$ cat input_27.txt   # compact mmCIF, C-alpha atoms
# COMPACT_ATOMS: atom_id res chain seq x y z
CA MET A 1 42.61 158.14 115.34
CA ASN A 2 43.34 154.82 117.01
CA LYS A 3 41.41 151.72 115.94
CA LEU A 4 39.90 148.87 117.94
CA ILE A 5 39.37 145.88 115.68
CA ILE A 6 36.78 143.42 116.99
CA VAL A 7 37.67 140.08 115.43
CA GLY A 8 35.15 137.24 115.32
CA ASN A 9 34.84 133.83 113.67
CA GLY A 10 33.76 135.40 110.38
CA PHE A 11 37.33 136.71 110.01
CA ASP A 12 38.71 133.16 110.08
CA LEU A 13 36.01 132.02 107.66
CA ALA A 14 36.95 134.87 105.31
CA HIS A 15 40.41 133.28 105.18
CA GLY A 16 38.98 129.88 104.27
CA LEU A 17 39.67 128.29 107.65
CA PRO A 18 37.31 125.47 108.78
CA THR A 19 36.39 127.11 112.09
CA SER A 20 32.61 127.34 111.87
CA TYR A 21 30.39 125.40 114.26
CA HIS A 22 29.26 123.26 111.32
CA ASP A 23 32.88 122.43 110.43
CA PHE A 24 33.51 121.31 114.00
CA VAL A 25 30.37 119.19 114.41
CA ASN A 26 30.54 117.66 110.93
CA ASP A 27 34.12 116.55 111.58
CA PHE A 28 32.95 114.58 114.62
CA TRP A 29 30.31 112.66 112.67
CA GLU A 30 32.41 112.20 109.55
CA HIS A 31 35.18 110.51 111.56
CA LEU A 32 33.01 108.78 114.15
CA GLN A 33 33.59 105.29 112.74
CA GLU A 34 37.38 105.52 113.07
CA ASN A 35 37.21 107.28 116.46
CA GLN A 36 34.38 105.38 118.15
CA GLU A 37 36.67 103.39 120.46
CA LYS A 38 38.60 106.42 121.68
CA GLU A 39 37.91 107.50 125.23
CA TYR A 40 37.03 111.09 124.40
CA THR A 41 34.50 109.91 121.79
CA LYS A 42 32.80 107.74 124.40
CA LYS A 43 32.11 110.89 126.41
CA PHE A 44 29.75 111.95 123.61
CA VAL A 45 28.21 108.79 122.14
CA THR A 46 28.08 105.06 122.75
CA ILE A 47 27.83 102.53 119.91
CA HIS A 48 27.49 98.85 120.72
CA ARG A 49 30.36 96.93 119.15
CA ASP A 50 28.01 94.23 117.84
CA TYR A 51 26.36 96.80 115.59
CA ASN A 52 29.37 98.20 113.73
CA THR A 53 27.66 97.26 110.49
CA LEU A 54 25.75 100.50 111.02
CA PHE A 55 28.48 102.48 109.26
CA ASN A 56 28.37 100.31 106.13
CA HIS A 57 24.61 100.24 105.83
CA ASN A 58 23.60 100.83 102.20
CA LYS A 59 27.03 102.41 101.63
CA HIS A 60 25.70 105.59 103.20
CA VAL A 61 28.30 108.40 103.25
CA ILE A 62 28.47 110.42 106.49
CA LYS A 63 29.53 114.04 106.15
CA SER A 64 27.31 115.64 108.79
CA PHE A 65 25.01 114.95 111.74
CA ALA A 66 22.03 115.01 109.37
CA ASP A 67 23.67 112.22 107.36
CA PHE A 68 24.29 110.13 110.47
CA GLU A 69 20.76 110.70 111.79
CA GLN A 70 19.26 109.54 108.50
CA LEU A 71 21.56 106.51 108.43
CA LEU A 72 20.58 105.63 112.00
CA LYS A 73 16.86 105.80 111.23
CA ASN A 74 17.23 103.69 108.07
CA TYR A 75 19.29 101.14 109.96
CA CYS A 76 16.62 100.88 112.66
CA VAL A 77 13.92 100.20 110.10
CA ASP A 78 15.92 97.54 108.26
CA HIS A 79 17.05 95.78 111.46
CA GLN A 80 13.82 96.15 113.43
CA LEU A 81 15.36 98.29 116.16
CA SER A 82 13.46 100.79 118.30
CA ILE A 83 14.50 104.45 118.32
CA ASP A 84 13.53 107.31 120.59
CA ALA A 85 12.82 110.10 118.11
CA GLU A 86 13.86 112.88 120.51
CA GLN A 87 16.81 111.35 122.37
CA LEU A 88 17.93 109.23 119.38
CA THR A 89 18.57 106.31 121.72
CA VAL A 90 18.43 103.03 119.80
CA LYS A 91 17.69 99.63 121.40
CA ASP A 92 17.33 96.12 120.07
CA LYS A 93 14.57 93.63 120.93
CA ASN A 94 16.46 92.61 124.09
CA ASN A 95 16.50 96.24 125.25
CA THR A 96 20.26 96.41 124.66
CA ILE A 97 21.46 99.91 123.84
CA VAL A 98 22.76 100.09 120.27
CA PHE A 99 23.36 103.83 120.11
CA LYS A 100 23.08 106.55 122.72
CA PHE A 101 24.20 110.14 123.30
CA GLU A 102 26.27 110.39 126.49
CA ASN A 103 26.50 114.18 126.26
CA ASP A 104 22.95 115.52 126.23
CA LEU A 105 24.01 119.10 125.52
CA PHE A 106 25.92 117.93 122.45
CA ARG A 107 22.79 116.10 121.27
CA MET A 108 20.63 119.20 121.62
CA LEU A 109 23.19 121.35 119.80
CA CYS A 110 23.41 118.86 116.94
CA GLN A 111 19.64 118.59 116.62
CA ALA A 112 19.11 122.35 116.77
CA SER A 113 21.20 122.91 113.60
CA LEU A 114 22.56 126.18 114.99
CA ASN A 115 24.80 128.11 112.63
CA ASN A 116 27.24 130.15 114.73
CA TRP A 117 29.12 130.06 118.01
CA SER A 118 27.12 132.89 119.55
CA LYS A 119 23.93 130.84 119.19
CA ILE A 120 25.66 127.82 120.74
CA GLU A 121 26.56 129.86 123.81
CA LYS A 122 23.04 131.27 123.90
CA LYS A 123 21.57 127.74 123.84
CA TYR A 124 23.71 126.79 126.84
CA TYR A 125 22.49 129.90 128.67
CA GLU A 126 18.84 129.12 127.90
CA ILE A 127 19.21 125.64 129.40
CA LEU A 128 21.05 127.07 132.40
CA LYS A 129 18.35 129.66 132.90
CA SER A 130 15.52 127.13 132.66
CA LEU A 131 17.09 125.16 135.52
CA ALA A 132 17.99 128.18 137.64
CA LEU A 133 14.56 129.78 137.48
CA GLU A 134 12.56 126.71 138.51
CA GLU A 135 10.62 127.46 141.70
CA LYS A 136 12.16 124.63 143.71
CA ASN A 137 15.64 125.37 142.33
CA CYS A 138 16.95 121.94 143.30
CA TYR A 139 18.93 121.10 140.20
CA THR A 140 22.49 121.25 141.50
CA LYS A 141 23.37 117.85 140.02
CA GLU A 142 21.82 118.77 136.66
CA ILE A 143 23.79 122.04 136.58
CA GLN A 144 27.03 120.22 137.35
CA THR A 145 26.29 117.75 134.56
CA LEU A 146 25.47 120.57 132.13
CA ASN A 147 28.71 122.38 132.98
CA GLN A 148 30.78 119.22 132.57
CA GLU A 149 29.16 118.52 129.21
CA PHE A 150 29.94 122.09 128.15
CA GLU A 151 33.55 121.65 129.31
CA ASP A 152 33.85 118.40 127.34
CA ILE A 153 32.62 120.15 124.20
CA LYS A 154 35.24 122.85 124.77
CA LEU A 155 38.00 120.23 124.97
CA LEU A 156 36.70 118.51 121.84
CA LEU A 157 36.76 121.87 120.04
CA GLN A 158 40.31 122.53 121.18
CA ASP A 159 41.47 119.20 119.80
CA TYR A 160 39.61 119.84 116.53
CA LEU A 161 41.27 123.23 116.06
CA LYS A 162 44.72 121.77 116.73
CA ARG A 163 44.30 119.06 114.12
CA ASN A 164 42.39 120.90 111.42
CA VAL A 165 43.70 124.45 111.72
CA LEU A 166 46.91 124.95 113.70
CA ASP A 167 48.61 121.76 112.44
CA THR A 168 47.27 122.13 108.91
CA TYR A 169 47.89 125.74 107.84
CA ASP A 170 51.02 127.88 107.62
CA PHE A 171 50.38 131.02 109.68
CA SER A 172 53.79 132.64 109.16
CA PRO A 173 53.42 136.32 108.09
CA ALA A 174 55.34 135.71 104.86
CA SER A 175 52.81 133.07 103.79
CA LEU A 176 49.92 135.45 103.29
CA GLY A 177 49.20 137.97 100.56
CA ASN A 178 46.88 140.17 102.60
CA GLU A 179 47.06 143.65 101.07
CA GLU A 180 43.28 143.68 100.67
CA ILE A 181 42.89 143.96 104.43
CA LEU A 182 46.12 145.78 105.31
CA GLN A 183 44.98 148.69 103.14
CA PHE A 184 42.36 149.50 105.79
CA PHE A 185 45.22 150.44 108.15
CA ASN A 186 47.20 152.54 105.68
CA VAL A 187 46.71 156.16 106.77
CA LYS A 188 47.08 158.53 103.82
CA TYR A 189 47.19 162.31 103.62
CA GLN A 190 43.74 163.46 102.42
CA LYS A 191 43.97 167.28 102.55
CA LEU A 192 40.94 167.31 104.84
CA ASN A 193 41.35 171.01 105.57
CA ALA A 194 40.55 171.78 101.93
CA ASN A 195 38.06 168.95 101.46
CA PRO A 196 35.04 169.49 103.74
CA ASP A 197 33.00 166.93 101.75
CA SER A 198 35.36 164.05 102.51
CA GLU A 199 33.54 160.81 103.37
CA LEU A 200 35.82 160.44 106.38
CA PHE A 201 33.88 163.22 108.13
CA LEU A 202 30.70 161.15 107.74
CA GLU A 203 32.24 158.38 109.84
CA PHE A 204 32.60 160.62 112.91
CA PRO A 205 30.51 163.12 114.90
CA PRO A 206 31.02 166.84 114.08
CA GLU A 207 32.91 167.49 117.33
CA ASP A 208 35.72 165.21 116.09
CA HIS A 209 36.21 166.90 112.71
CA ASN A 210 38.84 169.39 113.86
CA ALA A 211 40.84 166.57 115.43
CA LEU A 212 40.65 164.63 112.16
CA ILE A 213 41.96 167.65 110.27
CA GLN A 214 44.82 168.03 112.75
CA ASP A 215 45.68 164.32 112.48
CA ASP A 216 45.68 164.66 108.70
CA LYS A 217 48.15 167.57 108.90
CA GLU A 218 50.47 165.57 111.14
CA LEU A 219 50.92 163.02 108.37
CA THR A 220 53.01 165.61 106.51
CA SER A 221 55.22 166.43 109.50
CA LYS A 222 58.54 164.79 110.30
CA ILE A 223 57.09 163.16 113.40
CA GLY A 224 54.06 161.71 111.64
CA LEU A 225 50.78 160.52 113.15
CA ARG A 226 51.61 156.94 114.28
CA PRO A 227 48.12 155.69 115.26
CA HIS A 228 47.68 152.46 117.18
CA SER A 229 45.47 149.51 116.22
CA LEU A 230 44.37 147.11 118.94
CA PHE A 231 43.01 143.76 117.72
CA LEU A 232 40.48 142.43 120.23
CA ASP A 233 40.53 138.82 119.11
CA PHE A 234 37.61 136.55 120.05
CA ASN A 235 39.08 133.65 118.03
CA TYR A 236 41.51 130.90 119.05
CA THR A 237 43.58 130.92 115.84
CA PRO A 238 46.72 132.94 114.91
CA THR A 239 44.95 134.76 112.04
CA ALA A 240 44.67 138.20 113.68
CA ALA A 241 48.18 137.93 115.16
CA ASN A 242 49.47 137.59 111.60
CA TYR A 243 48.09 141.03 110.75
CA VAL A 244 49.57 142.55 113.90
CA LYS A 245 53.01 141.33 112.84
CA GLN A 246 52.49 142.65 109.32
CA ILE A 247 51.46 146.11 110.50
CA ASN A 248 54.38 146.35 112.93
CA SER A 249 56.81 145.45 110.14
CA ARG A 250 55.70 148.36 107.95
CA ASN A 251 56.29 152.10 107.83
CA GLU A 252 55.09 153.35 111.20
CA THR A 253 54.13 156.76 109.81
CA HIS A 254 51.59 155.20 107.45
CA TYR A 255 50.50 152.07 109.35
CA GLY A 256 51.18 153.03 112.95
CA THR A 257 51.64 150.23 115.45
CA ALA A 258 49.47 147.29 116.42
CA SER A 259 48.91 144.94 119.35
CA ILE A 260 46.52 142.12 120.19
CA ILE A 261 44.42 140.92 123.12
CA LYS A 262 43.14 137.37 122.75
CA ILE A 263 40.15 137.94 125.00
CA HIS A 264 38.79 134.38 124.67
CA GLY A 265 42.08 132.63 125.20
CA GLU A 266 44.56 130.52 123.28
CA ILE A 267 44.84 126.82 122.57
CA ASP A 268 47.06 124.96 125.04
CA SER A 269 47.74 128.07 127.13
CA GLU A 270 47.77 127.78 130.91
CA GLU A 271 47.94 131.56 131.36
CA ASN A 272 45.15 132.27 128.86
CA PRO A 273 43.03 129.10 128.38
CA ILE A 274 40.23 129.13 125.83
CA GLN A 275 36.91 130.48 127.06
CA ILE A 276 33.42 129.53 125.93
CA GLY A 277 30.42 130.75 127.84
CA TYR A 278 27.79 133.46 128.01
CA GLY A 279 28.30 137.14 128.63
CA ASP A 280 25.01 139.00 128.90
CA GLU A 281 24.65 140.41 132.40
CA MET A 282 22.06 142.81 130.98
CA ASP A 283 19.59 139.96 130.47
CA GLU A 284 16.58 140.55 132.74
CA ASP A 285 16.93 137.11 134.32
CA TYR A 286 20.68 137.25 134.93
CA SER A 287 20.42 138.78 138.41
CA LYS A 288 18.11 135.93 139.45
CA ILE A 289 20.71 133.41 138.32
CA GLU A 290 23.48 135.28 140.13
CA ASN A 291 21.43 135.24 143.33
CA THR A 292 20.94 131.47 143.35
CA PRO A 293 22.72 129.73 146.25
CA ASP A 294 24.83 127.48 143.99
CA ASP A 295 27.92 128.95 142.31
CA TYR A 296 27.71 126.26 139.63
CA TYR A 297 25.22 128.45 137.79
CA ILE A 298 27.88 131.05 136.96
CA ASP A 299 30.83 128.78 136.16
CA HIS A 300 30.69 129.64 132.45
CA ILE A 301 29.66 133.30 132.69
CA LYS A 302 32.33 135.24 130.78
CA SER A 303 32.67 138.11 133.25
CA PHE A 304 34.07 135.67 135.81
CA GLN A 305 36.30 133.98 133.25
CA TYR A 306 37.82 137.37 132.37
CA LEU A 307 39.13 137.67 135.94
CA HIS A 308 41.55 134.76 135.43
CA ASN A 309 44.09 137.03 133.72
CA SER A 310 44.74 140.71 133.00
CA ASN A 311 43.39 140.86 129.42
CA TYR A 312 40.11 142.53 130.38
CA LYS A 313 41.85 145.22 132.43
CA LYS A 314 44.31 145.85 129.61
CA LEU A 315 41.34 146.43 127.30
CA ILE A 316 39.66 148.81 129.73
CA ASN A 317 42.89 150.77 130.20
CA TRP A 318 43.23 151.06 126.42
CA ILE A 319 39.70 152.30 125.71
CA GLU A 320 40.02 154.85 128.52
CA SER A 321 43.34 156.15 127.17
CA GLY A 322 41.97 158.05 124.17
CA LYS A 323 39.49 158.28 121.30
CA PHE A 324 39.15 155.35 118.91
CA GLN A 325 37.14 153.99 116.01
CA VAL A 326 35.81 150.41 116.08
CA PHE A 327 36.24 148.10 113.09
CA ILE A 328 34.06 144.97 113.12
CA PHE A 329 35.82 142.10 111.36
CA GLY A 330 33.65 138.99 111.27
CA HIS A 331 32.03 139.29 114.69
CA SER A 332 28.27 138.72 114.89
CA CYS A 333 27.89 141.11 117.85
CA GLY A 334 25.55 138.56 119.41
CA LEU A 335 24.15 138.66 122.92
CA SER A 336 26.69 136.14 124.20
CA ASP A 337 29.23 139.00 124.27
CA ARG A 338 26.78 141.77 125.09
CA THR A 339 28.29 142.94 128.40
CA LEU A 340 31.80 143.37 126.99
CA LEU A 341 30.66 144.97 123.74
CA ASN A 342 28.38 147.40 125.57
CA THR A 343 31.33 148.48 127.72
CA ILE A 344 33.25 149.29 124.53
CA PHE A 345 30.51 150.81 122.39
CA GLU A 346 29.01 153.11 125.02
CA ASN A 347 32.39 154.35 126.24
CA HIS A 348 32.81 158.09 125.64
CA ASN A 349 36.03 157.46 123.70
CA CYS A 350 34.32 155.20 121.15
CA ARG A 351 33.61 157.71 118.39
CA SER A 352 32.56 155.49 115.50
CA ILE A 353 31.68 151.87 114.65
CA LYS A 354 32.46 150.74 111.11
CA ILE A 355 31.06 147.42 109.90
CA PHE A 356 33.00 145.33 107.41
CA TYR A 357 30.11 143.17 106.28
CA HIS A 358 30.00 139.76 104.62
CA LYS A 359 28.53 139.64 101.12
CA ASN A 360 27.57 136.62 99.03
CA ASP A 361 25.20 135.75 96.18
CA LYS A 362 22.17 136.05 98.50
CA GLY A 363 23.05 139.52 99.80
CA ASP A 364 24.98 140.82 102.78
CA ASN A 365 24.70 140.84 106.58
CA TYR A 366 25.00 144.59 107.21
CA THR A 367 21.36 144.92 108.32
CA GLU A 368 21.60 141.83 110.54
CA LEU A 369 24.67 143.28 112.25
CA THR A 370 22.96 146.62 112.86
CA HIS A 371 20.04 144.76 114.46
CA ASN A 372 22.48 142.94 116.73
CA LEU A 373 24.24 146.21 117.56
CA CYS A 374 20.91 147.74 118.54
CA LYS A 375 20.49 145.00 121.16
CA ILE A 376 23.95 145.77 122.56
CA PHE A 377 23.24 149.46 123.17
CA THR A 378 21.05 150.71 125.99
CA GLU A 379 21.05 154.21 124.47
CA LYS A 380 19.58 153.82 120.97
CA GLY A 381 20.32 157.39 119.93
CA MET A 382 23.98 156.81 120.68
CA MET A 383 23.90 153.67 118.55
CA ARG A 384 22.50 155.53 115.54
CA SER A 385 25.08 158.30 115.86
CA LYS A 386 28.06 155.93 116.14
CA VAL A 387 27.32 153.25 113.53
CA VAL A 388 28.69 154.22 110.11
CA ASP A 389 26.23 154.28 107.19
CA LYS A 390 26.29 151.29 104.86
CA ALA A 391 27.12 153.56 101.91
CA ILE A 392 30.51 154.26 103.50
CA CYS A 393 31.17 150.77 104.84
CA VAL A 394 32.82 148.09 102.71
CA GLU A 395 32.64 144.32 102.58
CA LEU A 396 35.27 142.19 104.28
CA PRO A 397 37.47 140.48 101.64
CA GLN A 398 36.73 136.76 101.43
CA GLU A 399 39.43 135.36 99.16
CA ILE A 400 42.61 135.61 101.28
CA ARG A 401 44.04 132.18 102.03
CA PHE A 402 46.74 130.69 104.23
CA PRO A 403 48.65 127.92 102.43
CA LYS A 404 48.59 124.44 103.90
CA ARG A 405 51.78 123.17 105.48
CA LYS A 406 53.97 121.24 103.07
CA LYS A 407 54.74 118.70 105.74
CA LEU A 408 52.15 118.25 108.45
CA GLN A 409 53.37 118.32 112.00
CA PRO A 410 52.36 115.35 114.21
CA ILE A 411 48.75 115.64 115.27
CA LEU A 412 48.45 116.72 118.88
CA GLN A 413 46.08 114.74 121.02
CA ILE A 414 43.93 116.06 123.83
CA LYS A 415 46.27 116.72 126.74
CA GLN A 416 43.58 117.19 129.28
CA LYS A 417 41.61 114.16 130.31
CA ILE A 418 37.91 114.73 129.92
CA LYS A 419 36.52 114.06 133.32
$ encode --input "input_27.txt" --output "structure tokens"
Amino acid sequence: MNKLIIVGNGFDLAHGLPTSYHDFVNDFWEHLQENQEKEYTKKFVTIHRDYNTLFNHNKHVIKSFADFEQLLKNYCVDHQLSIDAEQLTVKDKNNTIVFKFENDLFRMLCQASLNNWSKIEKKYYEILKSLALEEKNCYTKEIQTLNQEFEDIKLLLQDYLKRNVLDTYDFSPASLGNEEILQFFNVKYQKLNANPDSELFLEFPPEDHNALIQDDKELTSKIGLRPHSLFLDFNYTPTAANYVKQINSRNETHYGTASIIKIHGEIDSEENPIQIGYGDEMDEDYSKIENTPDDYYIDHIKSFQYLHNSNYKKLINWIESGKFQVFIFGHSCGLSDRTLLNTIFENHNCRSIKIFYHKNDKGDNYTELTHNLCKIFTEKGMMRSKVVDKAICVELPQEIRFPKRKKLQPILQIKQKIK
């Protein structure tokens, strides 16, 4: 049976790439001193040049926003400066601004200590919704500001990923020893006709068992089975594309063929620019937002972003073309992608959803993912019949690594001017 692999940020993290929200935000604060005079930095914070001693105060090391916040508070106490505890705006005795956030959304995201991209998008939507649902609904300027701040964060992220991921790691297929994951795509003859207790049958509804047996028989024929694997990539990195190339370079009878749809875009692509936004049209308040007179409210709603190219229609054509099993590789299945995921999961051709969970010393996230999946489905019985039992699921390997480039390419700067 064909496979649809839903690839999220956890897949990059499993390969040791610094692509988490914390990696991104911490990089900003760690390098703030050296970048403070750059124009794009000034879109996020302002630091008065007469107070540069801030960074050397008590030899405090900055590795995160929490470190900077503590440094700022200590500096204010020692230099008798006033600080707004919520806004973190610092002023001296002459009311001169010493430090200030210029991007209020960025401030709120830093202070909220959110831990994944889905929650970041959800936070944006909550702010958007709070403005849209006000009785007077006269916040056009505030919405425009919010959207511009969100756009600036997107550009900052794009620059971060260029410098710290694309320009740092070698993503050539030959660079990666990835058999631990490629084995999931190796279709082997299992003698299903003589093995009614095979665990494979437990991954699919009874009405698909005869088709599984027939597929198994075809593996022994001269033609072979040749299944297809479509990687639906929500990331901006080349990680998933590496696996597509690897699969297509192998024996087609055993690995089939593979392709990729980068549904959330690519870095520096005019045809498929990176997308960050919210995608839950099933939220009970969404229709109220859509019916507001200002289009600014839906600028960053994913359903409208999908219309900028043909990727969404390619996906729909694929899921309508035949039966498939879903693999979840590092995607949180959060509400920020609810509309798209619901379209996939409740499609009649989606026969099974197999979770490749993350496991560490504290446990695993299988249960958390099933809770998130439950929120995606409108038909709960369908959800229970499609999601594969934990006993049959396996953890996603976490030790595969891309080597760093031997000679770093020149760091690319932001090409787009942050308006």
$ closest_atom_pairs --input "input_27.txt" --of "range 233-343 of chain A" --to "range 349-352 of chain A" --cutoff "8 Å" --atoms "all atoms listed in the file" --output "CSV"
residue,atom,partner,partner_atom,distance
A:Ile319,CA,A:Asn349,CA,6.6
A:Glu320,CA,A:Asn349,CA,6.8
A:Gly322,CA,A:Asn349,CA,6.0
A:Lys323,CA,A:Asn349,CA,4.3
A:Phe324,CA,A:Cys350,CA,5.3
A:Gln325,CA,A:Ser352,CA,4.8
A:Val326,CA,A:Ser352,CA,6.1
$ closest_residue --input "input_27.txt" --among "A:Glu290, A:Glu270, A:Glu179, A:Asp152" --to "Gln246 in chain A" --atoms "only C-alpha atoms"
A:Glu179
$ residues_around --input "input_27.txt" --residues "Val77 in chain A" --least-positions-apart "3" --cutoff "12 Å" --atoms "all atoms listed in the file" --output "PyMOL selection string"
chain A and resi 54+57+70-74+80-83+90-92
$ atom_distance --input "input_27.txt" --atom1 "CA of Ser64 in chain A" --atom2 "CA of Tyr21 in chain A"
11.6 Å
$ residues_around --input "input_27.txt" --residues "Leu157 in chain A" --least-positions-apart "4" --cutoff "8 Å" --atoms "only C-alpha atoms" --output "ChimeraX atom specification"
/A:24,153,161
$ closest_residue --input "input_27.txt" --among "A:Ile5, A:Ala132, A:Leu32, A:Ile127" --to "Tyr278 in chain A" --atoms "only C-alpha atoms"
A:Ile127
$ atom_distance --input "input_27.txt" --atom1 "CA of Phe356 in chain A" --atom2 "CA of Ile276 in chain A"
24.3 Å
$ residues_around --input "input_27.txt" --residues "range 112-122 of chain A" --least-positions-apart "6" --cutoff "7 Å" --atoms "all atoms listed in the file" --output "ChimeraX atom specification"
/A:20-22,277-278,334,336
$ write_last_selection --input "input_27.txt" --atoms "C-alpha atoms" --output "PDB file, keeping the file's coordinate frame"
ATOM      1  CA  SER A  20      32.610 127.340 111.870  1.00  0.00           C
ATOM      2  CA  TYR A  21      30.390 125.400 114.260  1.00  0.00           C
ATOM      3  CA  HIS A  22      29.260 123.260 111.320  1.00  0.00           C
ATOM      4  CA  GLY A 277      30.420 130.750 127.840  1.00  0.00           C
ATOM      5  CA  TYR A 278      27.790 133.460 128.010  1.00  0.00           C
ATOM      6  CA  GLY A 334      25.550 138.560 119.410  1.00  0.00           C
ATOM      7  CA  SER A 336      26.690 136.140 124.200  1.00  0.00           C
TER       8      SER A 336
END
$ closest_residue --input "input_27.txt" --among "A:Ala240, A:Leu166, A:Val98, A:Ile143" --to "Asp294 in chain A" --atoms "all atoms listed in the file"
A:Ile143
